[in-house]
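Each remark here refers to the structure printed beneath this line.
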Amino acid sequence: MESKKPSKKTKGAPGSKLTSEDLEKYKQLLQEIRVKIAGDLKHLEGDALNQSQRDSAGDLSGYSFHIADMATDNFDREFNLGLASNEQRSLNLIDAALRKLEHGAYGICEYCPKPIPKKRLTAMPHAPLCIKCQEIEEKEKRPQ
């Protein structure tokens, strides 16, 4: 009689095909990404968002010498605000994924409670949706 190896138990949400080793790997990956994004966000805040227009323009009077300089300064500031907003959104998704890991709900789509494929989680460990539901959400957000 052949002895079967005991199967690895899953700690993920019901229906999840993630092993405890998988969950630990994703947790470590999420924490690494979180540290990197938090550092990037801190850098953005330090360089651009915490400076006044006078400081960013490098002008003692507080006004640029030319309207094109003012437009460039405003564009740079808005661009950095957009980057900071995207970084903060990513941090929020990562924090939510880490909470799901702690509560045993990681790796399950938030819309259709089906498992999110490992390939997707490896590429984007903070993904809250499976690919099919992500496509539906993106189509709904597109302006007609």
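Letters A, B, ... mark the chains of the structure tokens in the order given; residue numbers begin at 1 per chain; ligand numbers begin at 1, in order shown.
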Hey, what's within 9 Å of Ile131 of chain A if we count only C-alpha atoms and toss same-chain stuff fewer than 3 positions away? As an mmCIF file with N, CA and C atoms, in the first residue's frame, please?
```
data_model
loop_
_atom_site.group_PDB
_atom_site.id
_atom_site.type_symbol
_atom_site.label_atom_id
_atom_site.label_comp_id
_atom_site.auth_asym_id
_atom_site.auth_seq_id
_atom_site.Cartn_x
_atom_site.Cartn_y
_atom_site.Cartn_z
ATOM 1 N N ILE A 116 -8.474 34.226 -6.725
ATOM 2 C CA ILE A 116 -7.677 34.993 -7.685
ATOM 3 C C ILE A 116 -6.486 34.114 -8.065
ATOM 4 N N PRO A 117 -6.220 33.931 -9.365
ATOM 5 C CA PRO A 117 -5.120 33.054 -9.776
ATOM 6 C C PRO A 117 -3.768 33.493 -9.197
ATOM 7 N N ARG A 120 -1.745 36.087 -11.094
ATOM 8 C CA ARG A 120 -2.166 37.478 -10.871
ATOM 9 C C ARG A 120 -1.642 37.986 -9.531
ATOM 10 N N GLN A 134 -12.002 42.648 -12.757
ATOM 11 C CA GLN A 134 -11.231 43.871 -12.974
ATOM 12 C C GLN A 134 -11.584 44.476 -14.334
ATOM 13 N N GLU A 135 -11.709 43.627 -15.350
ATOM 14 C CA GLU A 135 -12.087 44.110 -16.686
ATOM 15 C C GLU A 135 -13.472 44.748 -16.662
ATOM 16 N N ILE A 136 -14.409 44.116 -15.961
ATOM 17 C CA ILE A 136 -15.758 44.665 -15.861
ATOM 18 C C ILE A 136 -15.733 46.025 -15.176
#
```
Would you give me, as a PyMOL selection string, the residues in segment 34-128 of chain A that DSSP reads as alpha helix (DSSP H)?
chain A and resi 34-44+53-57+67-103+118-123
Nearest candidate to Asp22 of chain A (options A:Pro143, A:Pro128, A:Gly107, A:Gly82; using only C-alpha atoms):
A:Gly107
Restricting the calculation to only C-alpha atoms: of A:Cys109, A:Pro115, A:Ile37, A:Lys25, which residue gets closest to Asn86 of chain A?
A:Ile37
